[in-house]
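K.L.:
Got a structure for you, written out below as structure tokens; questions coming shortly.
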Amino acid sequence: MTSGGGKHRADWTFRALTALCAILVIVLMGAILARLLGNSRLAFSEFGLGFLSSQEWNPGTSEFGALSSVFGTVVSTAIAMLLAVPLSLVIAVFLVEVAHPAVARIVGGAVELLAAVPSIIYGMWGLFVFATIMQRTVQPALASSLGFLPLFQGPPMGIGMLTAGIVLAIMVLPFTTAVTRDVLLMVPPVLRESAHGVGATMWEATRSVSLRYGRHGIIGAVFLGFGRAVGETMAVTFVIGNSHRISASLFEAGNTIASSLANEFNEASEPLYQSSLVGLAVVLFGITLLFQIVAHVWLARLGRAEGRRS
Amino acid sequence: MKVRSVSIAVALSLVIISVLSVAASAAVTINGAGATFPEPIYAVWMYKYHELKGQKVNYQGIGSSGGINQIKAGTVDFGGSDAPLTPIELSESRLVQFPMVVGGVVPIVNIKGVGPGQLRLTPAALAGIFAGEITEWDNDVIKKLNPGLTLPSDPITTVHRADGSGTTWIFTSYLDKVSPSWHQKIGVGKTVAWPGGVGAKGNPGVAAYVQRVDCSVGYVEYAYAVQSKLTWVTMQNRAGKFVAPSSGSFQAAAQNADWKNAPGFSLVLVDQPGDGTWPIVGASFVLIRKEQASAETAKALLGFFDWCYRFGGAMAAQKDYVPLPMSVVEMVEAMWKTSVTAGGRPVWK
């Protein structure tokens, strides 16, 4: 394609083009944030910080508070991550360290296929199939064994916070599993072989070599899963029960920021109502950012601590 | 390189040509946007009308609030709304409004052993249930109304729409009208602060929740209740009679309503008089500008609505909507004659 002095020009073009695309991400991010802040100004100037601490959400009296949506977002995401992260670690370890390559290929393919299922399918499956299982089997079992905890009290409706969390876990699982598997595959074989060479068992080699070597990547996988869980809209809206209330029981209906936006944005006619919904989006933005910062700081600390040890 | 840039140029010019041709044909296209409730029947009408008259009409179901905003901003030729604007709002934004089609809202229940139409409720009982004041089906008020039924003592779960919706607006308008305590505590809206229960998305969501949860009660559009064979409730109307939801009992509501004394057709069809009237009925409204920019577009617009009124009834009935009674249509068209103008002259004759 290029000849003679064209090499410099080609390099320059390549650099400029890639930089431009990278800048585009920053510009988009900035534009979204600016727009969100601009459109939510009315809500924040009306309610101030009370917007974050108030549980009231009443379009009739124009009182809006984000607390119930934030609570639901955090709780449903926490349930999802608690279930999905350990499970996906185990699956990934099995695929990489234990399984026969042929089995690993089949299971790995199935995991990738699961990741490609659109969220509306998970939502409808959650409502029409999984909620019945929850109502008939899971919730009665939980209520009779752990019913002394406030977490598992109330009528088994099949829908609610717990169902939403589990559906989210199932949606997050393929993402975290696929990335964790790829991370573990990148551990240099010589490291693992040396571990076995000094007499480590399979579990010891996995724990102290593979998982440790790949921890940055694994945390990246957790991020990816968190991102999907915290912003998931359709599937959650189907099964969470959509109520602006905070209840101790995981059987009760709740809501998340994303589900409130999906439900109410279309018909939010008053400026303050609309502004409050955009305010919710700002809070979601903040939650994601906070999570990222905490994770980065933690990773950096981990790195420093290990630097000292060696 | 040369070949590629030539082909890009060709592709670009093709795009430009197609954009231009779309723009040219858009001059005779009528665009509307708004409420989702009437969207299915509007779609049928628009398709048939285009087939017969060659006039293209588009409608996007973006929600009533969106429809109102778009017609106010002037980006569409007509807006659709399930809640009527007040006469003051209409004159402020220089719009006129008229009802297009009527539909009913039906309470549905899931109680073991109770079939469609078997449970009878009074307005006060329905409001009491949704307000969280009546918490079990074997409450004395409900037992007295239904001596023949064995009702369970399990707690009632109420199911409402989680998304802002015209259906909720009609339903809460009804509860607000028949129950002073509802009016005081909760009020009317496309979304309200429900005292309890669970929220589901859309009519299918409410139906699925009600079918799932034992001892639950919800509300859906009539068309949906019919198509999904849900367990609907017999309601007592304003005349004290117990009636079943049907096209006939909705039409009775539209017929008996006092349209004459409702400026801007700003009328909610709930709790209307008449022995055979279903009490929870609403109309879906169309909003157009009082002063039209082009007489040609305005004529095409009103011509379409006129055709829907006159020839769209059977299509509406097929989709379980109720056409507007002819007496009301005549009032609407009389209003067009006096109120809709283009360049200072009336459009409709």
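Naming works like this for the structure tokens: A, B, ... for the chains as they're shown, residue 1 at the start of each chain, ligands 1 onward in shown order.
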Pull out every residue of chain B sitting within 7 Å of chain A, counting only C-alpha atoms, and send them as a PDB file with N, CA and C atoms, in the first residue's frame.

P.N.:
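The result, written out as out.pdb:
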```
ATOM      1  N   ILE B  62     -45.574   6.416  22.111  1.00  0.00           N
ATOM      2  CA  ILE B  62     -44.454   6.794  22.985  1.00  0.00           C
ATOM      3  C   ILE B  62     -44.949   7.149  24.382  1.00  0.00           C
ATOM      4  N   GLY B  63     -46.259   6.992  24.622  1.00  0.00           N
ATOM      5  CA  GLY B  63     -46.803   7.364  25.927  1.00  0.00           C
ATOM      6  C   GLY B  63     -47.547   8.689  25.844  1.00  0.00           C
ATOM      7  N   SER B  64     -48.567   8.827  26.694  1.00  0.00           N
ATOM      8  CA  SER B  64     -49.408  10.032  26.654  1.00  0.00           C
ATOM      9  C   SER B  64     -48.604  11.308  26.886  1.00  0.00           C
ATOM     10  N   SER B  65     -47.725  11.284  27.861  1.00  0.00           N
ATOM     11  CA  SER B  65     -46.966  12.506  28.164  1.00  0.00           C
ATOM     12  C   SER B  65     -46.122  12.916  26.973  1.00  0.00           C
ATOM     13  N   GLY B  66     -45.500  11.916  26.344  1.00  0.00           N
ATOM     14  CA  GLY B  66     -44.711  12.180  25.148  1.00  0.00           C
ATOM     15  C   GLY B  66     -45.576  12.785  24.054  1.00  0.00           C
ATOM     16  N   ALA B 162     -46.622  -1.001  37.167  1.00  0.00           N
ATOM     17  CA  ALA B 162     -45.393  -0.362  37.623  1.00  0.00           C
ATOM     18  C   ALA B 162     -45.029   0.779  36.686  1.00  0.00           C
ATOM     19  N   ASP B 163     -45.370   0.636  35.419  1.00  0.00           N
ATOM     20  CA  ASP B 163     -45.064   1.689  34.453  1.00  0.00           C
ATOM     21  C   ASP B 163     -46.188   2.714  34.456  1.00  0.00           C
ATOM     22  N   GLY B 164     -45.854   3.951  34.196  1.00  0.00           N
ATOM     23  CA  GLY B 164     -46.863   4.985  34.096  1.00  0.00           C
ATOM     24  C   GLY B 164     -47.816   4.619  32.972  1.00  0.00           C
ATOM     25  N   SER B 165     -49.138   4.650  33.240  1.00  0.00           N
ATOM     26  CA  SER B 165     -50.027   4.155  32.190  1.00  0.00           C
ATOM     27  C   SER B 165     -51.401   4.795  32.275  1.00  0.00           C
ATOM     28  N   GLY B 187     -55.275   9.661  45.518  1.00  0.00           N
ATOM     29  CA  GLY B 187     -55.525  10.518  44.371  1.00  0.00           C
ATOM     30  C   GLY B 187     -55.402   9.814  43.031  1.00  0.00           C
ATOM     31  N   GLY B 189     -53.543   9.399  39.111  1.00  0.00           N
ATOM     32  CA  GLY B 189     -52.322   9.604  38.348  1.00  0.00           C
ATOM     33  C   GLY B 189     -52.014   8.430  37.450  1.00  0.00           C
ATOM     34  N   THR B 191     -49.062   7.179  37.554  1.00  0.00           N
ATOM     35  CA  THR B 191     -48.475   6.360  38.615  1.00  0.00           C
ATOM     36  C   THR B 191     -48.873   7.048  39.902  1.00  0.00           C
ATOM     37  N   VAL B 192     -49.238   6.285  40.918  1.00  0.00           N
ATOM     38  CA  VAL B 192     -49.561   6.881  42.207  1.00  0.00           C
ATOM     39  C   VAL B 192     -48.735   6.165  43.267  1.00  0.00           C
ATOM     40  N   ALA B 193     -48.725   6.712  44.472  1.00  0.00           N
ATOM     41  CA  ALA B 193     -48.000   6.069  45.566  1.00  0.00           C
ATOM     42  C   ALA B 193     -48.911   5.001  46.167  1.00  0.00           C
ATOM     43  N   VAL B 198     -47.743  -5.214  44.753  1.00  0.00           N
ATOM     44  CA  VAL B 198     -46.600  -5.302  43.856  1.00  0.00           C
ATOM     45  C   VAL B 198     -46.937  -4.650  42.519  1.00  0.00           C
ATOM     46  N   GLY B 199     -45.902  -4.203  41.811  1.00  0.00           N
ATOM     47  CA  GLY B 199     -46.086  -3.554  40.521  1.00  0.00           C
ATOM     48  C   GLY B 199     -45.574  -4.435  39.402  1.00  0.00           C
ATOM     49  N   ALA B 200     -46.292  -4.442  38.281  1.00  0.00           N
ATOM     50  CA  ALA B 200     -45.869  -5.240  37.141  1.00  0.00           C
ATOM     51  C   ALA B 200     -45.894  -4.381  35.893  1.00  0.00           C
ATOM     52  N   LYS B 201     -45.091  -4.769  34.912  1.00  0.00           N
ATOM     53  CA  LYS B 201     -44.953  -3.955  33.709  1.00  0.00           C
ATOM     54  C   LYS B 201     -45.989  -4.341  32.668  1.00  0.00           C
ATOM     55  N   VAL B 213     -49.802 -15.221  41.796  1.00  0.00           N
ATOM     56  CA  VAL B 213     -49.908 -15.045  43.244  1.00  0.00           C
ATOM     57  C   VAL B 213     -51.317 -15.395  43.720  1.00  0.00           C
TER      58      VAL B 213
END
```

K.L.:
Would you list the contacts of B:Gly54 as a list in words, taking every protein, DNA or RNA residue within 12 Å and counting only C-alpha atoms, but skipping same-chain residues closer than 2 positions in sequence?

P.N.:
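Within the cut-off, the hits are Ser25, Val28, Thr29, Ile30, Met46, Tyr47, Lys48, Tyr49, His50, Glu51, Leu52, Lys56, Val57, Ala300 and Phe304 of chain B.
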
K.L.:
Go ahead and save the picked residues with N, CA and C atoms, as an mmCIF file, in the first residue's frame.

P.N.:
```cif
data_model
loop_
_atom_site.group_PDB
_atom_site.id
_atom_site.type_symbol
_atom_site.label_atom_id
_atom_site.label_comp_id
_atom_site.auth_asym_id
_atom_site.auth_seq_id
_atom_site.Cartn_x
_atom_site.Cartn_y
_atom_site.Cartn_z
ATOM 1 N N SER B 25 -41.886 12.867 -0.081
ATOM 2 C CA SER B 25 -43.150 12.201 0.173
ATOM 3 C C SER B 25 -43.676 12.535 1.562
ATOM 4 N N VAL B 28 -46.898 14.891 2.400
ATOM 5 C CA VAL B 28 -48.298 14.481 2.466
ATOM 6 C C VAL B 28 -48.540 13.435 3.548
ATOM 7 N N THR B 29 -47.503 13.146 4.339
ATOM 8 C CA THR B 29 -47.685 12.159 5.406
ATOM 9 C C THR B 29 -48.148 12.845 6.681
ATOM 10 N N ILE B 30 -49.089 12.198 7.382
ATOM 11 C CA ILE B 30 -49.543 12.726 8.666
ATOM 12 C C ILE B 30 -48.853 11.954 9.771
ATOM 13 N N MET B 46 -54.918 2.991 10.285
ATOM 14 C CA MET B 46 -53.949 3.653 9.389
ATOM 15 C C MET B 46 -53.615 2.770 8.195
ATOM 16 N N TYR B 47 -53.478 1.482 8.470
ATOM 17 C CA TYR B 47 -53.145 0.545 7.397
ATOM 18 C C TYR B 47 -54.262 0.492 6.375
ATOM 19 N N LYS B 48 -55.495 0.340 6.882
ATOM 20 C CA LYS B 48 -56.661 0.213 5.995
ATOM 21 C C LYS B 48 -56.869 1.515 5.204
ATOM 22 N N TYR B 49 -56.692 2.641 5.896
ATOM 23 C CA TYR B 49 -56.908 3.941 5.269
ATOM 24 C C TYR B 49 -55.914 4.167 4.138
ATOM 25 N N HIS B 50 -54.685 3.773 4.381
ATOM 26 C CA HIS B 50 -53.652 3.911 3.357
ATOM 27 C C HIS B 50 -53.989 3.046 2.159
ATOM 28 N N GLU B 51 -54.494 1.845 2.446
ATOM 29 C CA GLU B 51 -54.847 0.911 1.378
ATOM 30 C C GLU B 51 -55.971 1.479 0.516
ATOM 31 N N LEU B 52 -56.960 2.087 1.192
ATOM 32 C CA LEU B 52 -58.141 2.571 0.472
ATOM 33 C C LEU B 52 -57.919 3.925 -0.178
ATOM 34 N N LYS B 56 -50.995 8.385 3.748
ATOM 35 C CA LYS B 56 -50.172 7.733 4.765
ATOM 36 C C LYS B 56 -50.297 8.446 6.109
ATOM 37 N N VAL B 57 -50.578 7.675 7.169
ATOM 38 C CA VAL B 57 -50.638 8.226 8.526
ATOM 39 C C VAL B 57 -49.729 7.385 9.415
ATOM 40 N N ALA B 300 -56.598 16.674 5.346
ATOM 41 C CA ALA B 300 -56.227 15.257 5.308
ATOM 42 C C ALA B 300 -56.332 14.647 6.701
ATOM 43 N N PHE B 304 -59.091 11.818 7.861
ATOM 44 C CA PHE B 304 -58.733 10.504 8.408
ATOM 45 C C PHE B 304 -59.573 10.192 9.647
#
```

K.L.:
List the spatial neighbours of stretch 276-287 of chain B as a PyMOL selection string - criterion: any atom at most 6 Å away, only C-alpha atoms, same-chain residues fewer than 5 positions off excluded.

P.N.:
chain B and resi 78-82+96-105+170+237+245+249-250+252-253+269-271

K.L.:
Write to file, as a PDB file, in the first residue's frame, the residues of the selection just made, with C-alpha atoms.

P.N.:
```
ATOM      1  CA  PHE B  78     -51.605  15.024  16.245  1.00  0.00           C
ATOM      2  CA  GLY B  79     -50.958  13.752  19.731  1.00  0.00           C
ATOM      3  CA  GLY B  80     -52.667  10.911  21.580  1.00  0.00           C
ATOM      4  CA  SER B  81     -53.463  10.977  25.296  1.00  0.00           C
ATOM      5  CA  ASP B  82     -55.434   8.736  27.626  1.00  0.00           C
ATOM      6  CA  VAL B  96     -58.293  21.199  20.562  1.00  0.00           C
ATOM      7  CA  GLN B  97     -59.118  17.766  21.887  1.00  0.00           C
ATOM      8  CA  PHE B  98     -61.632  15.054  21.076  1.00  0.00           C
ATOM      9  CA  PRO B  99     -62.221  11.423  22.091  1.00  0.00           C
ATOM     10  CA  MET B 100     -61.326   8.830  19.473  1.00  0.00           C
ATOM     11  CA  VAL B 101     -62.078   5.425  20.947  1.00  0.00           C
ATOM     12  CA  VAL B 102     -63.384   3.978  24.212  1.00  0.00           C
ATOM     13  CA  GLY B 103     -62.058   1.146  26.336  1.00  0.00           C
ATOM     14  CA  GLY B 104     -62.791  -0.396  29.695  1.00  0.00           C
ATOM     15  CA  VAL B 105     -60.640  -1.349  32.641  1.00  0.00           C
ATOM     16  CA  ILE B 170     -58.550   5.544  34.488  1.00  0.00           C
ATOM     17  CA  ASN B 237     -72.341   0.623  39.052  1.00  0.00           C
ATOM     18  CA  PRO B 245     -67.687  -5.779  31.477  1.00  0.00           C
ATOM     19  CA  SER B 249     -71.656  -1.827  28.978  1.00  0.00           C
ATOM     20  CA  PHE B 250     -68.710   0.379  27.872  1.00  0.00           C
ATOM     21  CA  ALA B 252     -73.484   2.634  27.597  1.00  0.00           C
ATOM     22  CA  ALA B 253     -70.958   4.617  29.629  1.00  0.00           C
ATOM     23  CA  LEU B 269     -65.968   8.190  31.687  1.00  0.00           C
ATOM     24  CA  VAL B 270     -65.783   6.541  35.105  1.00  0.00           C
ATOM     25  CA  ASP B 271     -68.856   6.093  37.303  1.00  0.00           C
TER      26      ASP B 271
END
```

K.L.:
Pull the alpha helix (DSSP H) assignments for stretch 148-345 of chain B out of DSSP run on the backbone, and list those residues as an MDAnalysis selection string.

P.N.:
chainID B and resid 166:178 180:185 202:212 222:227 247:256 295:311 313:318 326:339

K.L.:
Please provide as a PyMOL selection string all residues within 12 Å of B:Glu89, with the sequence filter that same-chain residues fewer than 2 positions apart are discarded (counting only C-alpha atoms).

P.N.:
chain B and resi 68+72+84-87+91-97+263-264+266+287

K.L.:
Could those residues be written to a file, using C-alpha atoms, as an mmCIF file, in the first residue's frame?

P.N.:
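Okay, selection-v1.cif is ready:
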```
data_model
loop_
_atom_site.group_PDB
_atom_site.id
_atom_site.type_symbol
_atom_site.label_atom_id
_atom_site.label_comp_id
_atom_site.auth_asym_id
_atom_site.auth_seq_id
_atom_site.Cartn_x
_atom_site.Cartn_y
_atom_site.Cartn_z
ATOM 1 C CA ILE B 68 -48.718 15.900 24.711
ATOM 2 C CA LYS B 72 -47.103 21.218 22.048
ATOM 3 C CA PRO B 84 -57.824 14.541 28.746
ATOM 4 C CA LEU B 85 -56.237 17.973 29.104
ATOM 5 C CA THR B 86 -58.289 20.518 31.026
ATOM 6 C CA PRO B 87 -59.952 23.343 29.060
ATOM 7 C CA SER B 91 -56.477 27.116 25.480
ATOM 8 C CA GLU B 92 -53.019 27.851 26.897
ATOM 9 C CA SER B 93 -51.326 25.617 24.367
ATOM 10 C CA ARG B 94 -53.813 26.466 21.575
ATOM 11 C CA LEU B 95 -54.950 22.896 21.077
ATOM 12 C CA VAL B 96 -58.293 21.199 20.562
ATOM 13 C CA GLN B 97 -59.118 17.766 21.887
ATOM 14 C CA PRO B 263 -65.873 21.831 27.492
ATOM 15 C CA GLY B 264 -63.042 20.469 25.367
ATOM 16 C CA SER B 266 -62.561 16.949 28.956
ATOM 17 C CA LEU B 287 -54.984 16.520 20.334
#
```

K.L.:
What are the DSSP strand (DSSP E) residues of stretch 107-253 of chain B, as a PyMOL selection string?

P.N.:
chain B and resi 107-110+120-121+157-161+198-200+216-221+234-236+242-243

K.L.:
Where does stretch 174-275 of chain A meet stretch 38-49 of chain A within 9 Å, residue by residue, with the nearest atom pair and distance in Å to one decimal for each, counting only C-alpha atoms, listed by chain and rising number, as a Markdown table?

P.N.:
```
| residue | atom | partner | partner_atom | distance |
| --- | --- | --- | --- | --- |
| A:Pro271 | CA | A:Leu42 | CA | 8.0 |
| A:Leu272 | CA | A:Ala43 | CA | 6.0 |
| A:Tyr273 | CA | A:Ala43 | CA | 7.9 |
| A:Gln274 | CA | A:Ser40 | CA | 8.1 |
| A:Ser275 | CA | A:Ser40 | CA | 4.6 |
```

K.L.:
Let me see the file: selected residues, C-alpha atoms, as a PDB file, in the first residue's frame.

P.N.:
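Saved to out.pdb:
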```pdb
ATOM      1  CA  PRO A 271     -40.524  18.586  35.017  1.00  0.00           C
ATOM      2  CA  LEU A 272     -39.723  17.730  38.643  1.00  0.00           C
ATOM      3  CA  TYR A 273     -40.745  14.081  38.153  1.00  0.00           C
ATOM      4  CA  GLN A 274     -38.590  13.765  35.047  1.00  0.00           C
ATOM      5  CA  SER A 275     -35.715  15.559  36.705  1.00  0.00           C
TER       6      SER A 275
END
```

K.L.:
List the spatial neighbours of B:Trp336 as a ChimeraX atom specification - criterion: any atom at most 10 Å away, only C-alpha atoms, same-chain residues fewer than 3 positions off excluded.

P.N.:
/B:96-98,290,302,330-333,339-341,346-349

K.L.:
Got time to write the residues from that selection, N, CA and C atoms, as an mmCIF file, in the first residue's frame?

P.N.:
```
data_model
loop_
_atom_site.group_PDB
_atom_site.id
_atom_site.type_symbol
_atom_site.label_atom_id
_atom_site.label_comp_id
_atom_site.auth_asym_id
_atom_site.auth_seq_id
_atom_site.Cartn_x
_atom_site.Cartn_y
_atom_site.Cartn_z
ATOM 1 N N VAL B 96 -56.951 21.734 20.345
ATOM 2 C CA VAL B 96 -58.293 21.199 20.562
ATOM 3 C C VAL B 96 -58.163 19.699 20.793
ATOM 4 N N GLN B 97 -59.193 19.152 21.453
ATOM 5 C CA GLN B 97 -59.118 17.766 21.887
ATOM 6 C C GLN B 97 -60.445 17.073 21.628
ATOM 7 N N PHE B 98 -60.393 15.830 21.218
ATOM 8 C CA PHE B 98 -61.632 15.054 21.076
ATOM 9 C C PHE B 98 -61.360 13.577 21.323
ATOM 10 N N LYS B 290 -55.142 24.190 17.117
ATOM 11 C CA LYS B 290 -56.315 24.982 16.755
ATOM 12 C C LYS B 290 -56.087 25.678 15.416
ATOM 13 N N LEU B 302 -58.206 15.705 9.405
ATOM 14 C CA LEU B 302 -59.585 15.552 9.866
ATOM 15 C C LEU B 302 -60.326 14.514 9.031
ATOM 16 N N GLU B 330 -70.950 13.433 16.232
ATOM 17 C CA GLU B 330 -71.540 14.649 15.649
ATOM 18 C C GLU B 330 -71.107 15.896 16.416
ATOM 19 N N MET B 331 -71.045 15.757 17.745
ATOM 20 C CA MET B 331 -70.585 16.903 18.552
ATOM 21 C C MET B 331 -69.128 17.242 18.223
ATOM 22 N N VAL B 332 -68.316 16.197 18.044
ATOM 23 C CA VAL B 332 -66.895 16.416 17.745
ATOM 24 C C VAL B 332 -66.756 17.162 16.423
ATOM 25 N N GLU B 333 -67.500 16.696 15.424
ATOM 26 C CA GLU B 333 -67.332 17.299 14.099
ATOM 27 C C GLU B 333 -67.903 18.718 14.050
ATOM 28 N N SER B 339 -63.857 25.406 15.397
ATOM 29 C CA SER B 339 -62.623 25.656 16.151
ATOM 30 C C SER B 339 -61.326 25.432 15.385
ATOM 31 N N VAL B 340 -61.355 24.602 14.345
ATOM 32 C CA VAL B 340 -60.096 24.295 13.664
ATOM 33 C C VAL B 340 -59.975 25.159 12.414
ATOM 34 N N THR B 341 -58.912 25.975 12.362
ATOM 35 C CA THR B 341 -58.766 26.897 11.238
ATOM 36 C C THR B 341 -57.379 26.790 10.621
ATOM 37 N N PRO B 346 -62.090 28.369 8.507
ATOM 38 C CA PRO B 346 -62.388 27.010 8.976
ATOM 39 C C PRO B 346 -61.966 25.964 7.950
ATOM 40 N N VAL B 347 -61.542 24.817 8.443
ATOM 41 C CA VAL B 347 -61.028 23.765 7.582
ATOM 42 C C VAL B 347 -62.118 22.758 7.236
ATOM 43 N N TRP B 348 -62.928 22.437 8.228
ATOM 44 C CA TRP B 348 -63.915 21.357 8.078
ATOM 45 C C TRP B 348 -65.274 21.942 7.768
ATOM 46 N N LYS B 349 -65.911 21.441 6.696
ATOM 47 C CA LYS B 349 -67.226 21.995 6.344
ATOM 48 C C LYS B 349 -68.282 20.917 6.343
#
```

K.L.:
I'd like to know which of A:Val70, A:Ala164, A:Ala235, A:Val179 is closest to A:Phe251, using only C-alpha atoms.

P.N.:
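So, comparing all the options, the nearest one is A:Ala164.
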